[in-house]
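Student: Input: one structure, supplied below.
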Amino acid sequence: MSFNINQSPEMRGDNRVGYWGPPTSSIDWCEANYVWSFYIAEFWNTLSSFTLAFWSIISLVLAIRQGLEMRVYVGNLLVILVGLGSVAFHATLLYDLQMWDEIPMVWLILSWYYALWNLTVPIREKNYLVVIMLVAYGILWALVHYAGAYTVAFQLHFAFIAVLAGIKLVYIWWFKAENARQFGYMIPLFLIAITLALVSWVVDQTMCDQINTKLPFNPQLHAVWHFLCSITLHFGVQYTTALRMIFLGQKPITKKVAGMPFVVSSIKWDATAAEKTAN
């Protein structure tokens, strides 16, 4: 199917009903629905959502290979869940699957809280009270949000808790992490990516009509938001992992996989490589 460049699907007002039926989600995005596939409501938003999970799948595999802490597994699993939830939501625009996009986003930030505020807790000391409080908050928020899908409330709530986590991370980088200078470049990249991501999200949300009537095509800025968020999450998670490894004396280094740096323990990495060589 071909389109005149001056008549993009969004300009023509193409919002068709496809395999999953009319949208039941509390929000629809600037991308026209069911244009590129009868089975995918928002093609570009769905495709870009895979990037949210991609880097963390690699990170999780590396973490398992090294036998890292449970917090590393949980953090990466939640990023993967956010990515797959976003795929399901944008592919269908169904209410229940919207929840699997939005609720895990809050759970992810809560797990990041635990990691950031417990960087210097020894492995054998488990802060169970904090874990119970964070889990309880996550469950309560999930129940409240599922009951009403309070879109604006969700966005404000998520922005608030995410900004707090970001401030904590930048504070550690600026004032506390002199022994992590080799990983310091990750935070400027983190900040650049999240700033551009927010600009993309806001423009897509507030200027959709202008985008679809004034531009020759829709630049799919929500898809851009997904990609930039994947970069933001990657560098945030990797830098936090590096800080934890330094405290534990695991001598972190970076290894490039698929063009991106991943933090690994030189001790555990070398031990794993030696074991494979011996076998």
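By order of appearance in the structure tokens: chains A, B, ..., then residues from 1 within every chain, and ligands from 1 in the order shown.
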Which parts of stretch 20-265 of chain A does DSSP call strand (DSSP E) when run on the backbone here, written out as a list in words?
Tutor: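 After running DSSP on the backbone, stretch 20-265 of chain A has strand (DSSP E) at Pro252, Ile253, Thr254, Lys255, Lys256, Val257, Met260, Pro261, Phe262, Val263, Val264 and Ser265 of chain A.
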Student: Could you take the residues named above and write them with all heavy atoms, as a CSV table (one decimal), in the first residue's frame?
Tutor:
chain,number,residue,atom,x,y,z
A,252,PRO,N,34.1,-3.6,38.8
A,252,PRO,CA,33.3,-3.6,37.6
A,252,PRO,C,34.1,-3.0,36.4
A,252,PRO,O,34.9,-2.2,36.5
A,252,PRO,CB,32.1,-2.6,37.9
A,252,PRO,CG,32.7,-1.8,39.0
A,252,PRO,CD,33.6,-2.7,39.8
A,253,ILE,N,33.8,-3.6,35.2
A,253,ILE,CA,34.3,-3.1,33.9
A,253,ILE,C,33.1,-3.1,33.0
A,253,ILE,O,32.0,-3.5,33.3
A,253,ILE,CB,35.4,-4.0,33.4
A,253,ILE,CG1,34.9,-5.4,33.2
A,253,ILE,CG2,36.6,-3.9,34.3
A,253,ILE,CD1,35.9,-6.4,32.6
A,254,THR,N,33.3,-2.5,31.8
A,254,THR,CA,32.3,-2.5,30.8
A,254,THR,C,32.6,-3.5,29.6
A,254,THR,O,33.8,-3.5,29.2
A,254,THR,CB,32.0,-1.1,30.2
A,254,THR,OG1,33.2,-0.6,29.7
A,254,THR,CG2,31.4,-0.2,31.3
A,255,LYS,N,31.7,-4.1,29.1
A,255,LYS,CA,31.8,-5.0,27.9
A,255,LYS,C,30.7,-4.5,26.9
A,255,LYS,O,29.6,-4.3,27.3
A,255,LYS,CB,31.5,-6.4,28.3
A,255,LYS,CG,32.6,-7.1,29.2
A,255,LYS,CD,33.9,-7.4,28.4
A,255,LYS,CE,34.9,-8.1,29.3
A,255,LYS,NZ,36.1,-8.4,28.5
A,256,LYS,N,31.1,-4.3,25.7
A,256,LYS,CA,30.2,-3.9,24.7
A,256,LYS,C,29.5,-5.1,24.1
A,256,LYS,O,30.1,-6.0,23.6
A,256,LYS,CB,30.8,-3.0,23.6
A,256,LYS,CG,31.1,-1.6,24.0
A,256,LYS,CD,31.3,-0.7,22.8
A,256,LYS,CE,31.3,0.8,23.3
A,256,LYS,NZ,31.5,1.7,22.1
A,257,VAL,N,28.1,-5.0,24.0
A,257,VAL,CA,27.3,-6.0,23.4
A,257,VAL,C,26.3,-5.3,22.5
A,257,VAL,O,25.6,-4.4,23.0
A,257,VAL,CB,26.6,-6.9,24.4
A,257,VAL,CG1,25.7,-8.0,23.7
A,257,VAL,CG2,27.6,-7.5,25.4
A,260,MET,N,26.3,-1.5,22.8
A,260,MET,CA,26.1,-0.7,24.0
A,260,MET,C,26.9,-1.3,25.2
A,260,MET,O,27.3,-2.5,25.2
A,260,MET,CB,24.6,-0.9,24.4
A,260,MET,CG,23.6,-0.2,23.5
A,260,MET,SD,23.6,1.6,23.8
A,260,MET,CE,22.5,1.7,25.2
A,261,PRO,N,27.4,-0.4,26.1
A,261,PRO,CA,28.2,-0.8,27.2
A,261,PRO,C,27.4,-1.5,28.3
A,261,PRO,O,26.3,-1.0,28.7
A,261,PRO,CB,28.8,0.5,27.7
A,261,PRO,CG,27.8,1.5,27.4
A,261,PRO,CD,27.2,1.1,26.1
A,262,PHE,N,27.8,-2.6,28.8
A,262,PHE,CA,27.2,-3.3,29.9
A,262,PHE,C,28.2,-3.5,31.0
A,262,PHE,O,29.4,-3.9,30.7
A,262,PHE,CB,26.7,-4.7,29.4
A,262,PHE,CG,25.5,-4.6,28.5
A,262,PHE,CD1,25.6,-4.4,27.2
A,262,PHE,CD2,24.2,-4.8,29.0
A,262,PHE,CE1,24.5,-4.4,26.3
A,262,PHE,CE2,23.1,-4.7,28.2
A,262,PHE,CZ,23.3,-4.5,26.8
A,263,VAL,N,27.8,-3.2,32.2
A,263,VAL,CA,28.7,-3.4,33.4
A,263,VAL,C,28.7,-4.8,33.8
A,263,VAL,O,27.7,-5.4,34.1
A,263,VAL,CB,28.2,-2.4,34.5
A,263,VAL,CG1,29.1,-2.7,35.8
A,263,VAL,CG2,28.3,-1.0,34.1
A,264,VAL,N,29.9,-5.3,33.9
A,264,VAL,CA,30.1,-6.7,34.5
A,264,VAL,C,31.2,-6.7,35.5
A,264,VAL,O,32.0,-5.7,35.6
A,264,VAL,CB,30.5,-7.7,33.3
A,264,VAL,CG1,29.4,-7.7,32.3
A,264,VAL,CG2,31.9,-7.3,32.7
A,265,SER,N,31.2,-7.7,36.4
A,265,SER,CA,32.3,-7.8,37.4
A,265,SER,C,33.5,-8.5,36.7
A,265,SER,O,33.4,-9.6,36.2
A,265,SER,CB,31.8,-8.6,38.5
A,265,SER,OG,32.9,-9.1,39.3
Student: Considering only C-alpha atoms, give me a table of residues in stretch 164-276 of chain A that are at most 9 Å from stretch 14-37 of chain A, with the closest atom pair and distance in Å for each, as a tab-separated table.
Tutor:
residue	atom	partner	partner_atom	distance
A:Asp204	CA	A:Cys30	CA	6.4
A:Gln205	CA	A:Cys30	CA	7.2
A:Cys208	CA	A:Cys30	CA	5.7
A:Asp209	CA	A:Cys30	CA	8.4
A:Ile211	CA	A:Cys30	CA	8.8
A:Asn212	CA	A:Cys30	CA	8.4
A:Asn218	CA	A:Glu31	CA	7.5
A:Gln220	CA	A:Glu31	CA	6.5
A:Leu221	CA	A:Cys30	CA	8.4
A:His222	CA	A:Trp29	CA	7.7
Student: Would you output that residue set with N, CA and C atoms, as a PDB file, in the first residue's frame?
Tutor:
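Saved the output as selection08.pdb:
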ATOM      1  N   ASP A 204       4.305  15.200  21.195  1.00  0.00           N
ATOM      2  CA  ASP A 204       3.351  14.234  20.641  1.00  0.00           C
ATOM      3  C   ASP A 204       1.985  14.376  21.299  1.00  0.00           C
ATOM      4  N   GLN A 205       1.970  14.659  22.611  1.00  0.00           N
ATOM      5  CA  GLN A 205       0.722  14.767  23.353  1.00  0.00           C
ATOM      6  C   GLN A 205      -0.005  16.084  23.112  1.00  0.00           C
ATOM      7  N   CYS A 208      -0.487  17.184  18.604  1.00  0.00           N
ATOM      8  CA  CYS A 208      -0.829  16.129  17.640  1.00  0.00           C
ATOM      9  C   CYS A 208      -1.561  16.693  16.419  1.00  0.00           C
ATOM     10  N   ASP A 209      -2.522  17.572  16.634  1.00  0.00           N
ATOM     11  CA  ASP A 209      -3.277  18.130  15.515  1.00  0.00           C
ATOM     12  C   ASP A 209      -2.361  18.894  14.564  1.00  0.00           C
ATOM     13  N   ILE A 211       0.877  18.454  14.211  1.00  0.00           N
ATOM     14  CA  ILE A 211       1.771  17.489  13.563  1.00  0.00           C
ATOM     15  C   ILE A 211       1.088  16.854  12.363  1.00  0.00           C
ATOM     16  N   ASN A 212      -0.172  16.492  12.543  1.00  0.00           N
ATOM     17  CA  ASN A 212      -0.883  15.762  11.493  1.00  0.00           C
ATOM     18  C   ASN A 212      -1.435  16.652  10.384  1.00  0.00           C
ATOM     19  N   ASN A 218       3.771  12.099   9.885  1.00  0.00           N
ATOM     20  CA  ASN A 218       3.853  12.044  11.342  1.00  0.00           C
ATOM     21  C   ASN A 218       5.197  11.439  11.739  1.00  0.00           C
ATOM     22  N   GLN A 220       6.135  10.204  14.417  1.00  0.00           N
ATOM     23  CA  GLN A 220       5.945   9.151  15.421  1.00  0.00           C
ATOM     24  C   GLN A 220       6.798   9.414  16.662  1.00  0.00           C
ATOM     25  N   LEU A 221       6.529  10.536  17.296  1.00  0.00           N
ATOM     26  CA  LEU A 221       7.341  10.963  18.431  1.00  0.00           C
ATOM     27  C   LEU A 221       7.138  10.084  19.668  1.00  0.00           C
ATOM     28  N   HIS A 222       6.000   9.403  19.761  1.00  0.00           N
ATOM     29  CA  HIS A 222       5.844   8.491  20.901  1.00  0.00           C
ATOM     30  C   HIS A 222       6.757   7.275  20.728  1.00  0.00           C
TER      31      HIS A 222
END
Student: Can you tell me, as a list in words, what residues are no more than 10 Å from A:Lys168 when counting only C-alpha atoms, ignoring any on the same chain fewer than 4 positions away?
Tutor: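 In the requested format, the answer is Tyr113, Leu116, Trp117, Ala162, Val163, Leu164, Ile172, Trp173 and Trp174 of chain A.
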Student: Convert the current residue selection to file output with N, CA, C and O atoms, as an mmCIF file, in the first residue's frame.
Tutor:
data_model
loop_
_atom_site.group_PDB
_atom_site.id
_atom_site.type_symbol
_atom_site.label_atom_id
_atom_site.label_comp_id
_atom_site.auth_asym_id
_atom_site.auth_seq_id
_atom_site.Cartn_x
_atom_site.Cartn_y
_atom_site.Cartn_z
ATOM 1 N N TYR A 113 14.326 2.505 43.612
ATOM 2 C CA TYR A 113 14.455 3.123 44.937
ATOM 3 C C TYR A 113 15.258 2.213 45.865
ATOM 4 O O TYR A 113 16.171 2.657 46.570
ATOM 5 N N LEU A 116 18.966 2.195 44.838
ATOM 6 C CA LEU A 116 19.682 3.447 45.062
ATOM 7 C C LEU A 116 19.866 3.757 46.543
ATOM 8 O O LEU A 116 20.910 4.282 46.951
ATOM 9 N N TRP A 117 18.852 3.454 47.365
ATOM 10 C CA TRP A 117 18.936 3.781 48.782
ATOM 11 C C TRP A 117 19.571 2.657 49.601
ATOM 12 O O TRP A 117 19.705 2.785 50.818
ATOM 13 N N ALA A 162 9.643 9.163 39.576
ATOM 14 C CA ALA A 162 10.786 9.000 38.671
ATOM 15 C C ALA A 162 11.785 10.137 38.843
ATOM 16 O O ALA A 162 13.003 9.926 38.830
ATOM 17 N N VAL A 163 11.280 11.359 39.008
ATOM 18 C CA VAL A 163 12.168 12.515 39.218
ATOM 19 C C VAL A 163 12.948 12.356 40.517
ATOM 20 O O VAL A 163 14.151 12.652 40.565
ATOM 21 N N LEU A 164 12.304 11.874 41.576
ATOM 22 C CA LEU A 164 13.003 11.646 42.838
ATOM 23 C C LEU A 164 14.149 10.651 42.655
ATOM 24 O O LEU A 164 15.252 10.862 43.169
ATOM 25 N N ILE A 172 24.259 11.190 43.667
ATOM 26 C CA ILE A 172 25.336 10.225 43.920
ATOM 27 C C ILE A 172 26.466 10.433 42.914
ATOM 28 O O ILE A 172 27.645 10.448 43.276
ATOM 29 N N TRP A 173 26.105 10.593 41.656
ATOM 30 C CA TRP A 173 27.112 10.785 40.596
ATOM 31 C C TRP A 173 27.947 12.034 40.841
ATOM 32 O O TRP A 173 29.173 12.017 40.677
ATOM 33 N N TRP A 174 27.307 13.112 41.245
ATOM 34 C CA TRP A 174 27.989 14.401 41.372
ATOM 35 C C TRP A 174 28.807 14.519 42.663
ATOM 36 O O TRP A 174 29.908 15.055 42.655
#
Student: Counting only C-alpha atoms, which of A:Ser86, A:Ser111, A:Ser49, A:Gln250 gets nearest to A:Val74?
Tutor: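 Ranked by minimum distance to A:Val74, first place goes to A:Ser111.
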Student: Within 12 Å of stretch 102-106 of chain A, which residues of stretch 51-84 of chain A show up? Give each one with its shortest atom-to-atom distance in Å (one decimal) and the two atoms involved, counting only C-alpha atoms, rows by chain then rising residue number, as JSON lines.
Tutor:
{"residue": "A:Leu52", "atom": "CA", "partner": "A:Met105", "partner_atom": "CA", "distance": 11.3}
{"residue": "A:Val74", "atom": "CA", "partner": "A:Pro104", "partner_atom": "CA", "distance": 11.7}
{"residue": "A:Gly75", "atom": "CA", "partner": "A:Pro104", "partner_atom": "CA", "distance": 10.9}
{"residue": "A:Asn76", "atom": "CA", "partner": "A:Pro104", "partner_atom": "CA", "distance": 11.8}
{"residue": "A:Leu77", "atom": "CA", "partner": "A:Pro104", "partner_atom": "CA", "distance": 10.1}
{"residue": "A:Leu78", "atom": "CA", "partner": "A:Pro104", "partner_atom": "CA", "distance": 6.6}
{"residue": "A:Val79", "atom": "CA", "partner": "A:Met105", "partner_atom": "CA", "distance": 7.9}
{"residue": "A:Ile80", "atom": "CA", "partner": "A:Pro104", "partner_atom": "CA", "distance": 9.5}
{"residue": "A:Leu81", "atom": "CA", "partner": "A:Pro104", "partner_atom": "CA", "distance": 6.7}
{"residue": "A:Val82", "atom": "CA", "partner": "A:Pro104", "partner_atom": "CA", "distance": 5.5}
{"residue": "A:Gly83", "atom": "CA", "partner": "A:Pro104", "partner_atom": "CA", "distance": 9.3}
{"residue": "A:Leu84", "atom": "CA", "partner": "A:Pro104", "partner_atom": "CA", "distance": 10.1}
Student: Rounded to one decimal in Å, what is the spacing between atom CA of A:Thr151 and atom CA of A:Ala165?
Tutor: 21.2 Å
Student: Point out the residue among A:Gln210, A:Leu47, A:Lys176, A:Glu42 with the least atom-to-atom distance to A:Thr120, counting only C-alpha atoms.
Tutor: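 Smallest separation from A:Thr120 among the options: A:Lys176.
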Student: If we count only C-alpha atoms, what is near stretch 187-197 of chain A at a cut-off of 8 Å, once residues fewer than 6 positions away on the same chain are taken out, given as a PyMOL selection string?
Tutor: chain A and resi 170+173+224-226+228-229+231-233+235-236+239
Student: Here is a test: counting only C-alpha atoms, which residue of A:Trp112, A:Trp107, A:Ala180, A:Asn127 is nearest to A:Ile139?
Tutor: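 Smallest separation from A:Ile139 among the options: A:Trp107.
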Student: For the structure I just gave you, how does DSSP split stretch 11-231 of chain A - specifically, which residues are helix (DSSP H, G or I)? Reply as an MDAnalysis selection string.
Tutor: chainID A and resid 43:66 70:92 95:117 128:148 151:176 178:183 186:206 208:214 221:231
Student: Save the residues we just selected, C-alpha atoms, as a short mmCIF file (atom, residue, chain, number, x, y, z; two decimals), in the first residue's frame?
Tutor:
data_model
loop_
_atom_site.label_atom_id
_atom_site.label_comp_id
_atom_site.auth_asym_id
_atom_site.auth_seq_id
_atom_site.Cartn_x
_atom_site.Cartn_y
_atom_site.Cartn_z
CA PHE A 43 2.45 -0.26 14.45
CA TRP A 44 5.35 2.11 15.18
CA ASN A 45 4.57 2.45 18.87
CA THR A 46 4.43 -1.33 19.15
CA LEU A 47 7.67 -1.91 17.24
CA SER A 48 9.57 0.70 19.24
CA SER A 49 8.38 -0.80 22.53
CA PHE A 50 10.60 -3.83 21.92
CA THR A 51 13.66 -1.60 22.44
CA LEU A 52 12.57 -1.12 26.07
CA ALA A 53 13.03 -4.84 26.68
CA PHE A 54 15.94 -5.56 24.33
CA TRP A 55 18.85 -4.12 26.33
CA SER A 56 17.58 -5.55 29.62
CA ILE A 57 17.27 -9.04 28.17
CA ILE A 58 20.99 -8.88 27.39
CA SER A 59 21.71 -7.37 30.81
CA LEU A 60 19.71 -10.10 32.55
CA VAL A 61 21.54 -12.86 30.67
CA LEU A 62 24.89 -11.33 31.66
CA ALA A 63 23.76 -10.99 35.28
CA ILE A 64 22.66 -14.63 35.46
CA ARG A 65 25.92 -15.73 33.86
CA GLN A 66 27.85 -13.94 36.62
CA MET A 70 18.63 -10.66 43.15
CA ARG A 71 18.18 -6.86 42.93
CA VAL A 72 19.90 -6.91 39.53
CA TYR A 73 17.63 -9.67 38.28
CA VAL A 74 14.49 -7.92 39.55
CA GLY A 75 15.46 -4.56 38.03
CA ASN A 76 16.12 -6.04 34.61
CA LEU A 77 13.01 -8.25 34.72
CA LEU A 78 10.84 -5.23 35.47
CA VAL A 79 12.31 -3.27 32.55
CA ILE A 80 11.55 -6.28 30.33
CA LEU A 81 8.01 -6.41 31.73
CA VAL A 82 7.54 -2.70 30.99
CA GLY A 83 8.71 -3.25 27.41
CA LEU A 84 6.50 -6.27 26.77
CA GLY A 85 3.56 -4.57 28.48
CA SER A 86 4.05 -1.58 26.21
CA VAL A 87 4.11 -3.89 23.18
CA ALA A 88 0.82 -5.49 24.27
CA PHE A 89 -0.82 -2.13 25.01
CA HIS A 90 0.09 -0.37 21.78
CA ALA A 91 -0.67 -3.45 19.69
CA THR A 92 -4.21 -3.69 21.05
CA TYR A 95 -7.66 -1.38 28.89
CA ASP A 96 -6.36 -4.51 30.62
CA LEU A 97 -3.16 -4.47 28.60
CA GLN A 98 -2.75 -0.75 29.21
CA MET A 99 -2.42 -1.71 32.87
CA TRP A 100 0.45 -4.07 32.00
CA ASP A 101 2.21 -1.09 30.47
CA GLU A 102 1.61 1.46 33.22
CA ILE A 103 1.63 -0.49 36.49
CA PRO A 104 5.04 -2.15 35.91
CA MET A 105 6.47 1.33 35.24
CA VAL A 106 5.73 2.21 38.87
CA TRP A 107 7.06 -1.15 40.09
CA LEU A 108 10.28 -0.50 38.18
CA ILE A 109 10.86 2.84 39.88
CA LEU A 110 10.13 1.30 43.29
CA SER A 111 12.76 -1.38 42.66
CA TRP A 112 15.18 1.37 41.64
CA TYR A 113 14.45 3.12 44.94
CA TYR A 114 15.56 0.00 46.77
CA ALA A 115 18.75 -0.23 44.71
CA LEU A 116 19.68 3.45 45.06
CA TRP A 117 18.94 3.78 48.78
CA TYR A 128 13.07 -6.62 54.69
CA LEU A 129 11.05 -3.73 56.12
CA VAL A 130 11.86 -1.55 53.10
CA VAL A 131 11.05 -4.42 50.73
CA ILE A 132 7.68 -5.02 52.43
CA MET A 133 6.82 -1.32 52.30
CA LEU A 134 7.74 -1.00 48.61
CA VAL A 135 5.86 -4.17 47.65
CA ALA A 136 2.80 -3.07 49.62
CA TYR A 137 2.87 0.34 47.95
CA GLY A 138 3.25 -1.26 44.53
CA ILE A 139 0.28 -3.57 45.11
CA LEU A 140 -1.90 -0.77 46.50
CA TRP A 141 -1.08 1.49 43.56
CA ALA A 142 -1.84 -1.33 41.10
CA LEU A 143 -5.28 -1.91 42.64
CA VAL A 144 -6.16 1.78 42.72
CA HIS A 145 -4.94 2.43 39.19
CA TYR A 146 -6.65 -0.64 37.72
CA ALA A 147 -9.93 0.43 39.29
CA GLY A 148 -10.02 3.72 37.42
CA THR A 151 -4.50 8.85 33.34
CA VAL A 152 -3.47 12.28 34.56
CA ALA A 153 -2.98 11.06 38.12
CA PHE A 154 -0.82 8.22 36.83
CA GLN A 155 1.31 10.56 34.75
CA LEU A 156 1.82 13.00 37.63
CA HIS A 157 2.50 10.21 40.12
CA PHE A 158 4.98 8.47 37.84
CA ALA A 159 6.73 11.73 36.99
CA PHE A 160 7.08 12.55 40.70
CA ILE A 161 8.59 9.23 41.78
CA ALA A 162 10.79 9.00 38.67
CA VAL A 163 12.17 12.51 39.22
CA LEU A 164 13.00 11.65 42.84
CA ALA A 165 14.93 8.58 41.70
CA GLY A 166 16.69 10.61 39.00
CA ILE A 167 17.69 13.31 41.51
CA LYS A 168 19.10 10.65 43.84
CA LEU A 169 21.10 9.09 41.00
CA VAL A 170 22.51 12.44 39.85
CA TYR A 171 23.31 13.41 43.44
CA ILE A 172 25.34 10.22 43.92
CA TRP A 173 27.11 10.79 40.60
CA TRP A 174 27.99 14.40 41.37
CA PHE A 175 28.87 14.21 45.07
CA LYS A 176 29.51 10.61 46.12
CA GLU A 178 34.55 9.61 42.96
CA ASN A 179 35.54 5.95 42.78
CA ALA A 180 33.21 5.40 39.80
CA ARG A 181 34.62 8.02 37.42
CA GLN A 182 35.20 5.50 34.65
CA PHE A 183 31.41 5.04 34.48
CA MET A 186 26.74 7.25 31.60
CA ILE A 187 24.90 9.94 33.60
CA PRO A 188 25.24 12.77 31.03
CA LEU A 189 23.97 10.31 28.41
CA PHE A 190 21.15 9.36 30.80
CA LEU A 191 20.20 13.03 31.22
CA ILE A 192 20.40 13.85 27.51
CA ALA A 193 18.27 10.83 26.59
CA ILE A 194 15.56 11.50 29.18
CA THR A 195 15.40 15.21 28.26
CA LEU A 196 14.93 14.44 24.56
CA ALA A 197 12.45 11.70 25.47
CA LEU A 198 10.33 14.10 27.51
CA VAL A 199 10.35 16.69 24.71
CA SER A 200 9.18 14.00 22.27
CA TRP A 201 6.43 12.84 24.62
CA VAL A 202 5.14 16.35 25.35
CA VAL A 203 5.14 17.43 21.70
CA ASP A 204 3.35 14.23 20.64
CA GLN A 205 0.72 14.77 23.35
CA THR A 206 0.13 18.49 23.01
CA CYS A 208 -0.83 16.13 17.64
CA ASP A 209 -3.28 18.13 15.51
CA GLN A 210 -0.52 20.44 14.28
CA ILE A 211 1.77 17.49 13.56
CA ASN A 212 -0.88 15.76 11.49
CA THR A 213 -1.97 18.85 9.56
CA LYS A 214 1.18 20.93 9.16
CA LEU A 221 7.34 10.96 18.43
CA HIS A 222 5.84 8.49 20.90
CA ALA A 223 7.92 5.78 19.23
CA VAL A 224 10.93 8.09 19.60
CA TRP A 225 10.01 8.40 23.30
CA HIS A 226 10.18 4.61 23.63
CA PHE A 227 13.61 4.39 22.02
CA LEU A 228 15.05 7.24 24.09
CA CYS A 229 13.56 5.77 27.28
CA SER A 230 15.30 2.49 26.49
CA ILE A 231 18.61 4.39 26.40
#
Student: Provide the atom CA of A:Ile267 to atom CA of A:Gly249 distance in Å, to one decimal place.
Tutor: 9.1 Å
Student: Here is a test: counting only C-alpha atoms, which residue of A:Phe247, A:Phe217, A:Tyr185, A:Tyr150 is nearest to A:Val121?
Tutor: A:Phe247
